[in-house]
Structure formats: structure tokens, C-alpha cells
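Chemist: Below you'll find the structure I mean.
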Number of protein chains: 2
Amino acid sequence: MAVLDSVDRTLLRLLQNDATMPLAELADAVNLTTTPCWKRLKRLEEDGILRQRVALLDPVKLGIAFTAFVQVKTSNHSQDWFNHFVSTVTEFPEVMEFYRMAGEYDYMMKVQVADMQAFDNMYKKLVASVSDLTNVTSTFAMEPLKYTTALPV
Amino acid sequence: MAVLDSVDRTLLRLLQNDATMPLAELADAVNLTTTPCWKRLKRLEEDGILRQRVALLDPVKLGIAFTAFVQVKTSNHSQDWFNHFVSTVTEFPEVMEFYRMAGEYDYMMKVQVADMQAFDNMYKKLVASVSDLTNVTSTFAMEPLKYTTALPV
DNA sequence: ACTGAAAACAGGCCTGA
DNA sequence: TCAGGCCTGTTTTCAGT
């Protein structure tokens, strides 16, 4: 867990909003010239703090704007079951997020699909591929109010 | 909702994984020369399908690896309350996702913070800023198993 | 010796034909 | 598709602290 000064944090904030920002602009924003700014970016990349730069798409325009959350309880807590479960779920491209949880339910995943029918297909594939699911409950998003990939740095 | 051919979809898939991929490589991957490939990218941007390019950071290395989900019920369903609630929650930088939900709970948000104590601070601020919350329940991620921003195109 | 500035170099982008 | 100009990233060298 690295130690960052306020210049690093400003750079990260800017890049989290727009990864295409040219080096000269970034340097300007933190009152540096390009070379020292570039060295900071390289260091942040090498340290693995800057993981990757990705394109974000519009789910509405792509017709994949239906979001569901699936919560799962299991009766099987063996390592083998866990490995199989994790690799099965992870391979679904519709599964955007997946967590082992504390509390009532053992696992939760966020699923992004076209519509309720597409969700049901995915759901049926899931329960067919994994055994020992004692309880599976789904909730649905009616309206997305915020979605950001920018961590609070 | 745009109509995309398989070349467009391949380009989107590649850019969702690595937005820094040079034009020449993208063109190569879809068996085009740079010019027609570049025109496709421009069109995808203009159509708003390619929304933005962002940097993704490592929450563990930044010490913000604690994920909580907060579910909320309200007794107040007026437009004014909704506006105030949404703007309040949206302004929290720790809130990464926020949905109006169908079912048992009216709203759900995903919160990303340093630790349980940071979560509790955020929680207290939230319930202090918003009235008429009849039920607020939090669940915690023990282990992230998958996180992707890449939509299944 | 370290940090930052400036200038030269290289490479990718974008637009004509 | 190709070729050219332009802009941006990258490297190196130099100066100041």
C-alpha cells in the first residue's frame, strides 16, 4: 500500500475521469513540466496503482441496460465446490461483479443483460451448472442513479 | 439503440480491455487498414456508444479495499424527497454505484472505503443528511471475486 | 546528486487525394 | 489505400539548487 502525495492523487483523479488527457495538460494541472510528471505516471504504473486504461460503453445504447443482483446461499463449503463455483460464475460475461459476502447470503453478483428474459436464461444456466445452492434470490434495478469507476483518492 | 456489426463489436471488446491499443493494432485485429478502422471508432464515439476512456486503479494498493452494500427503505415517496436523496447520495465520492430497486428495498448503493470505521463515518453522515429512512441495512464483501467494466458485447 | 526545463527525436493520429 | 503534415509522447541533455 503505497504512499502518495497530493500531486499523485490529483493525477490519479484526472486520469480516472479521462485517460486520454495528454501529458502536457496533466503536467500543467499539477504545475510541473512534462518530464517529472511523466516519471510520476510511470512510477504509478510500475507500482500497479494505475492498473489499466479501459473504454466505457453506454449500456442503454447497446441494449444491455437491465441490471440484476443475485444473492446465493450454499450448503457446501468445501474448497472444491468453491473453486468450481467461482470459475463458473466468473466465466459468465454478463457477471460484472461478484463477491463473497458476510451475513445472510454467502455470495452476491451483479448481472448486466438485455432484459428480464436474458436474465432468466443466464439464471437457468447458472443453477444448472452449480450444485448445492440452497437459496438463490434476485433483485432488480429499476433505475441506475450513479455509476462510477473512479475511486475516492 | 444502435446496430453494430461484428467488426464494431470486436473493436469495442478490445477497447474495453485496453483503451491504449494503437489504431494500427486495432485495424490489424479486424483486417482493416487504419483509415476505415478510424472512421468506425469516430462513429462509435459520435453515437455515444464509446462513452469515455478512464484509468482503473488498484483499490488494495490504495487502501480502499473495503466494499459495503447499503440497502434503504423509505416512507417518503415524494419527488422532493427523491431529489434530495439522490443528490445527497450521488455527491458521496465513496458511493460507486446507486440504484433504485424493485422489491423489498427501495434503493441500493455500493460503497468503497478504507475500512469498517470509514464506512461507519460515511453511514452516519448519510443517515444524518436524509430523513424518512425507515430501514437501512448494510452487508459487507469479504472477498472480491470478479470486477469488470467490460459489457458483454 | 537530484529535480526540473527545454529541445530534439520518434511515432502515432488524422486528413487529404 | 497511400502519403504527408501535425500533434503528442518520449528521450536526452543541460542548468540550477
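Chain labels run A, B, ... following the order of the C-alpha cells; each chain numbers its residues from 1, and ligands are numbered from 1 in the order shown.
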For the structure I just gave you, how does DSSP split chain A - specifically, which residues are helix (DSSP H, G or I)? Reply as number ranges by chain.

Modeler: A: 6-17, 23-29, 34-46, 79-91, 116-129

Chemist: Given a cut-off of 12 Å, which residues of chain C touch chain B, counting only C-alpha atoms (C1' of nucleotides), written out as a list of chain:residue names?

Modeler: C:DG11, C:DG12, C:DC13, C:DC14, C:DT15, C:DG16

Chemist: Using DSSP on the backbone coordinates, identify all residues within chain B classified as strand (DSSP E or B); present the result as an MDAnalysis selection string.

Modeler: chainID B and resid 50:57 66:74 95:101 107:113 133:147

Chemist: Interatomic distance between CA of Gln117 (chain A) and CA of Thr10 (chain B)?

Modeler: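 Answer for the CA of Gln117 (chain A) to CA of Thr10 (chain B) separation: 24.7 Å.
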
Chemist: To one decimal in Å, tell me the separation between CA of Ser129 (chain B) and CA of Met116 (chain B).

Modeler: 19.9 Å

Chemist: Which one is closest to Pro152 (chain A): B:Leu11, B:Ala2, B:Leu62, B:Ala29? Count only C-alpha atoms.

Modeler: B:Leu62

Chemist: Using only C-alpha atoms, find each residue of chain A with at least one atom at most 7 Å away from an atom of chain B; report its shortest atom-to-atom pair and that distance in Å (one decimal), sort the rows by chain and rising residue number, and return the result as a tab-separated table.

Modeler:
```
residue	atom	partner	partner_atom	distance
A:Met1	CA	B:Lys61	CA	4.3
A:Ala2	CA	B:Lys61	CA	6.1
A:Leu15	CA	B:Ala55	CA	5.4
A:Gln16	CA	B:Ala55	CA	4.6
A:Asn17	CA	B:Val54	CA	5.6
A:Asp18	CA	B:Val54	CA	5.0
A:Ala19	CA	B:Val54	CA	4.5
A:Thr20	CA	B:Arg53	CA	6.6
A:Gly48	CA	B:Asp58	CA	6.9
A:Ile49	CA	B:Asp58	CA	5.1
A:Leu50	CA	B:Leu57	CA	4.8
A:Arg51	CA	B:Leu57	CA	5.2
A:Gln52	CA	B:Leu56	CA	5.4
A:Arg53	CA	B:Ala55	CA	4.3
A:Val54	CA	B:Ala19	CA	4.5
A:Ala55	CA	B:Arg53	CA	4.3
A:Leu56	CA	B:Gln52	CA	5.4
A:Leu57	CA	B:Leu50	CA	4.8
A:Asp58	CA	B:Ile49	CA	5.1
A:Val60	CA	B:Met1	CA	6.9
A:Lys61	CA	B:Met1	CA	4.2
A:Leu62	CA	B:Met1	CA	5.8
A:Gly63	CA	B:Met1	CA	6.2
A:Thr90	CA	B:Lys146	CA	6.4
A:Pro93	CA	B:Pro152	CA	5.5
A:Glu94	CA	B:Pro152	CA	5.9
A:Met96	CA	B:Thr148	CA	5.2
A:Glu97	CA	B:Tyr147	CA	4.5
A:Phe98	CA	B:Lys146	CA	4.8
A:Tyr99	CA	B:Pro144	CA	4.5
A:Arg100	CA	B:Glu143	CA	5.1
A:Met101	CA	B:Ala141	CA	4.4
A:Ala102	CA	B:Phe140	CA	5.5
A:Gly103	CA	B:Thr139	CA	6.6
A:Thr139	CA	B:Gly103	CA	6.6
A:Phe140	CA	B:Ala102	CA	5.5
A:Ala141	CA	B:Met101	CA	4.4
A:Met142	CA	B:Met101	CA	5.1
A:Glu143	CA	B:Arg100	CA	5.1
A:Pro144	CA	B:Tyr99	CA	4.5
A:Leu145	CA	B:Tyr99	CA	5.2
A:Lys146	CA	B:Phe98	CA	4.8
A:Tyr147	CA	B:Glu97	CA	4.5
A:Thr148	CA	B:Met96	CA	5.2
A:Thr149	CA	B:Met96	CA	6.7
A:Pro152	CA	B:Pro93	CA	5.5
```

Chemist: Take the residues from that selection and write them out as a CSV table (one decimal), in the first residue's frame, keeping N, CA and C atoms.

Modeler:
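part_23.csv, written as the output of this step:
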```
chain,number,residue,atom,x,y,z
A,1,MET,N,0.9,-1.2,0.0
A,1,MET,CA,0.0,0.0,0.0
A,1,MET,C,0.9,1.2,0.0
A,2,ALA,N,0.9,1.9,-1.1
A,2,ALA,CA,1.8,2.9,-1.4
A,2,ALA,C,1.5,4.2,-0.7
A,15,LEU,N,-6.9,11.2,-14.3
A,15,LEU,CA,-6.9,10.0,-15.2
A,15,LEU,C,-8.1,9.1,-15.0
A,16,GLN,N,-8.6,9.1,-13.8
A,16,GLN,CA,-9.8,8.3,-13.6
A,16,GLN,C,-11.0,8.9,-14.3
A,17,ASN,N,-11.0,10.2,-14.6
A,17,ASN,CA,-12.1,10.8,-15.4
A,17,ASN,C,-11.8,10.8,-16.9
A,18,ASP,N,-10.6,10.9,-17.3
A,18,ASP,CA,-10.3,10.9,-18.7
A,18,ASP,C,-8.9,10.4,-18.9
A,19,ALA,N,-8.8,9.2,-19.3
A,19,ALA,CA,-7.4,8.6,-19.5
A,19,ALA,C,-6.7,9.1,-20.8
A,20,THR,N,-7.4,9.9,-21.6
A,20,THR,CA,-6.8,10.3,-22.8
A,20,THR,C,-6.1,11.7,-22.6
A,48,GLY,N,1.7,-0.5,-9.9
A,48,GLY,CA,0.4,-1.2,-10.0
A,48,GLY,C,-0.8,-0.4,-9.5
A,49,ILE,N,-0.5,0.8,-9.2
A,49,ILE,CA,-1.7,1.6,-8.7
A,49,ILE,C,-2.5,2.0,-9.9
A,50,LEU,N,-1.9,2.5,-11.0
A,50,LEU,CA,-2.6,2.6,-12.2
A,50,LEU,C,-2.6,1.2,-12.9
A,51,ARG,N,-3.8,0.6,-12.8
A,51,ARG,CA,-3.8,-0.8,-13.3
A,51,ARG,C,-4.0,-0.9,-14.8
A,52,GLN,N,-5.0,-0.2,-15.4
A,52,GLN,CA,-5.2,-0.2,-16.8
A,52,GLN,C,-6.1,0.9,-17.2
A,53,ARG,N,-6.1,1.1,-18.5
A,53,ARG,CA,-6.9,2.2,-19.1
A,53,ARG,C,-8.0,1.4,-20.0
A,54,VAL,N,-9.2,1.7,-19.8
A,54,VAL,CA,-10.3,1.0,-20.5
A,54,VAL,C,-11.3,1.9,-21.1
A,55,ALA,N,-12.0,1.5,-22.1
A,55,ALA,CA,-13.1,2.2,-22.6
A,55,ALA,C,-14.4,1.8,-21.9
A,56,LEU,N,-15.2,2.8,-21.6
A,56,LEU,CA,-16.5,2.6,-21.0
A,56,LEU,C,-17.6,2.8,-22.1
A,57,LEU,N,-18.5,1.8,-22.2
A,57,LEU,CA,-19.5,1.9,-23.2
A,57,LEU,C,-20.9,2.3,-22.5
A,58,ASP,N,-21.8,2.7,-23.4
A,58,ASP,CA,-23.1,3.0,-22.9
A,58,ASP,C,-24.1,1.8,-22.9
A,60,VAL,N,-27.2,1.5,-22.3
A,60,VAL,CA,-28.5,1.8,-22.9
A,60,VAL,C,-28.4,1.7,-24.4
A,61,LYS,N,-27.4,2.4,-25.0
A,61,LYS,CA,-27.3,2.4,-26.5
A,61,LYS,C,-27.0,1.0,-27.0
A,62,LEU,N,-26.4,0.1,-26.1
A,62,LEU,CA,-26.1,-1.2,-26.6
A,62,LEU,C,-27.2,-2.2,-26.3
A,63,GLY,N,-28.3,-1.7,-25.6
A,63,GLY,CA,-29.4,-2.5,-25.3
A,63,GLY,C,-29.0,-3.6,-24.2
A,90,THR,N,-17.4,-16.7,-12.7
A,90,THR,CA,-16.5,-15.7,-13.3
A,90,THR,C,-16.5,-15.8,-14.9
A,93,PRO,N,-19.9,-13.8,-19.0
A,93,PRO,CA,-19.6,-12.4,-19.3
A,93,PRO,C,-20.6,-11.4,-18.8
A,94,GLU,N,-21.8,-11.9,-18.5
A,94,GLU,CA,-22.8,-11.0,-18.0
A,94,GLU,C,-22.6,-10.6,-16.6
A,96,MET,N,-20.8,-8.9,-14.0
A,96,MET,CA,-19.9,-7.7,-13.9
A,96,MET,C,-19.1,-7.7,-12.6
A,97,GLU,N,-19.8,-8.1,-11.5
A,97,GLU,CA,-19.2,-8.1,-10.2
A,97,GLU,C,-19.6,-9.3,-9.4
A,98,PHE,N,-18.8,-9.7,-8.5
A,98,PHE,CA,-19.0,-11.0,-7.8
A,98,PHE,C,-18.2,-11.0,-6.5
A,99,TYR,N,-18.9,-11.2,-5.4
A,99,TYR,CA,-18.3,-11.0,-4.1
A,99,TYR,C,-18.7,-12.2,-3.2
A,100,ARG,N,-17.8,-12.6,-2.4
A,100,ARG,CA,-18.1,-13.5,-1.2
A,100,ARG,C,-18.5,-12.5,-0.1
A,101,MET,N,-19.6,-12.8,0.5
A,101,MET,CA,-20.2,-11.8,1.4
A,101,MET,C,-20.2,-12.3,2.9
A,102,ALA,N,-20.3,-11.4,3.8
A,102,ALA,CA,-20.6,-11.6,5.2
A,102,ALA,C,-22.1,-11.5,5.3
A,103,GLY,N,-22.6,-12.3,6.3
A,103,GLY,CA,-24.0,-12.1,6.6
A,103,GLY,C,-24.9,-13.2,6.0
A,139,THR,N,-32.7,-9.6,-7.1
A,139,THR,CA,-33.4,-8.3,-7.1
A,139,THR,C,-33.0,-7.5,-8.3
A,140,PHE,N,-33.9,-6.6,-8.7
A,140,PHE,CA,-33.7,-5.9,-10.0
A,140,PHE,C,-33.6,-4.4,-9.8
A,141,ALA,N,-32.7,-3.8,-10.6
A,141,ALA,CA,-32.6,-2.3,-10.6
A,141,ALA,C,-33.6,-1.7,-11.5
A,142,MET,N,-34.4,-0.8,-11.0
A,142,MET,CA,-35.4,-0.1,-11.8
A,142,MET,C,-34.8,1.1,-12.6
A,143,GLU,N,-33.8,1.7,-11.9
A,143,GLU,CA,-33.2,2.9,-12.4
A,143,GLU,C,-31.8,3.1,-11.9
A,144,PRO,N,-30.8,3.2,-12.7
A,144,PRO,CA,-29.4,3.5,-12.3
A,144,PRO,C,-29.3,5.0,-11.9
A,145,LEU,N,-28.8,5.2,-10.7
A,145,LEU,CA,-28.7,6.6,-10.3
A,145,LEU,C,-27.3,7.1,-10.3
A,146,LYS,N,-26.4,6.2,-10.1
A,146,LYS,CA,-25.0,6.6,-10.2
A,146,LYS,C,-24.1,5.4,-10.5
A,147,TYR,N,-23.2,5.6,-11.4
A,147,TYR,CA,-22.2,4.5,-11.7
A,147,TYR,C,-20.9,5.2,-12.0
A,148,THR,N,-19.9,4.9,-11.2
A,148,THR,CA,-18.6,5.5,-11.4
A,148,THR,C,-17.5,4.4,-11.2
A,149,THR,N,-16.4,4.5,-11.9
A,149,THR,CA,-15.3,3.6,-11.7
A,149,THR,C,-14.2,4.4,-11.0
A,152,PRO,N,-12.4,7.1,-4.7
A,152,PRO,CA,-12.2,8.3,-4.0
A,152,PRO,C,-10.7,8.4,-3.5
```

Chemist: Excluding DA8 (chain C) and any residue of its chain fewer than 3 positions from it, enumerate the residues within 10 Å of it, using only C-alpha atoms (C1' of nucleotides), and give them as a ChimeraX atom specification.

Modeler: /D:11-13

Chemist: How close does chain D get to chain A? List, as JSON lines, each residue of chain D within 10 Å, its nearest atom pair and the distance in Å to one decimal, counting only C-alpha atoms (C1' of nucleotides).

Modeler:
```
{"residue": "D:DT8", "atom": "C1'", "partner": "A:Pro22", "partner_atom": "CA", "distance": 7.3}
{"residue": "D:DG9", "atom": "C1'", "partner": "A:Leu23", "partner_atom": "CA", "distance": 7.6}
{"residue": "D:DT10", "atom": "C1'", "partner": "A:Thr35", "partner_atom": "CA", "distance": 9.0}
{"residue": "D:DT11", "atom": "C1'", "partner": "A:Thr35", "partner_atom": "CA", "distance": 9.6}
```
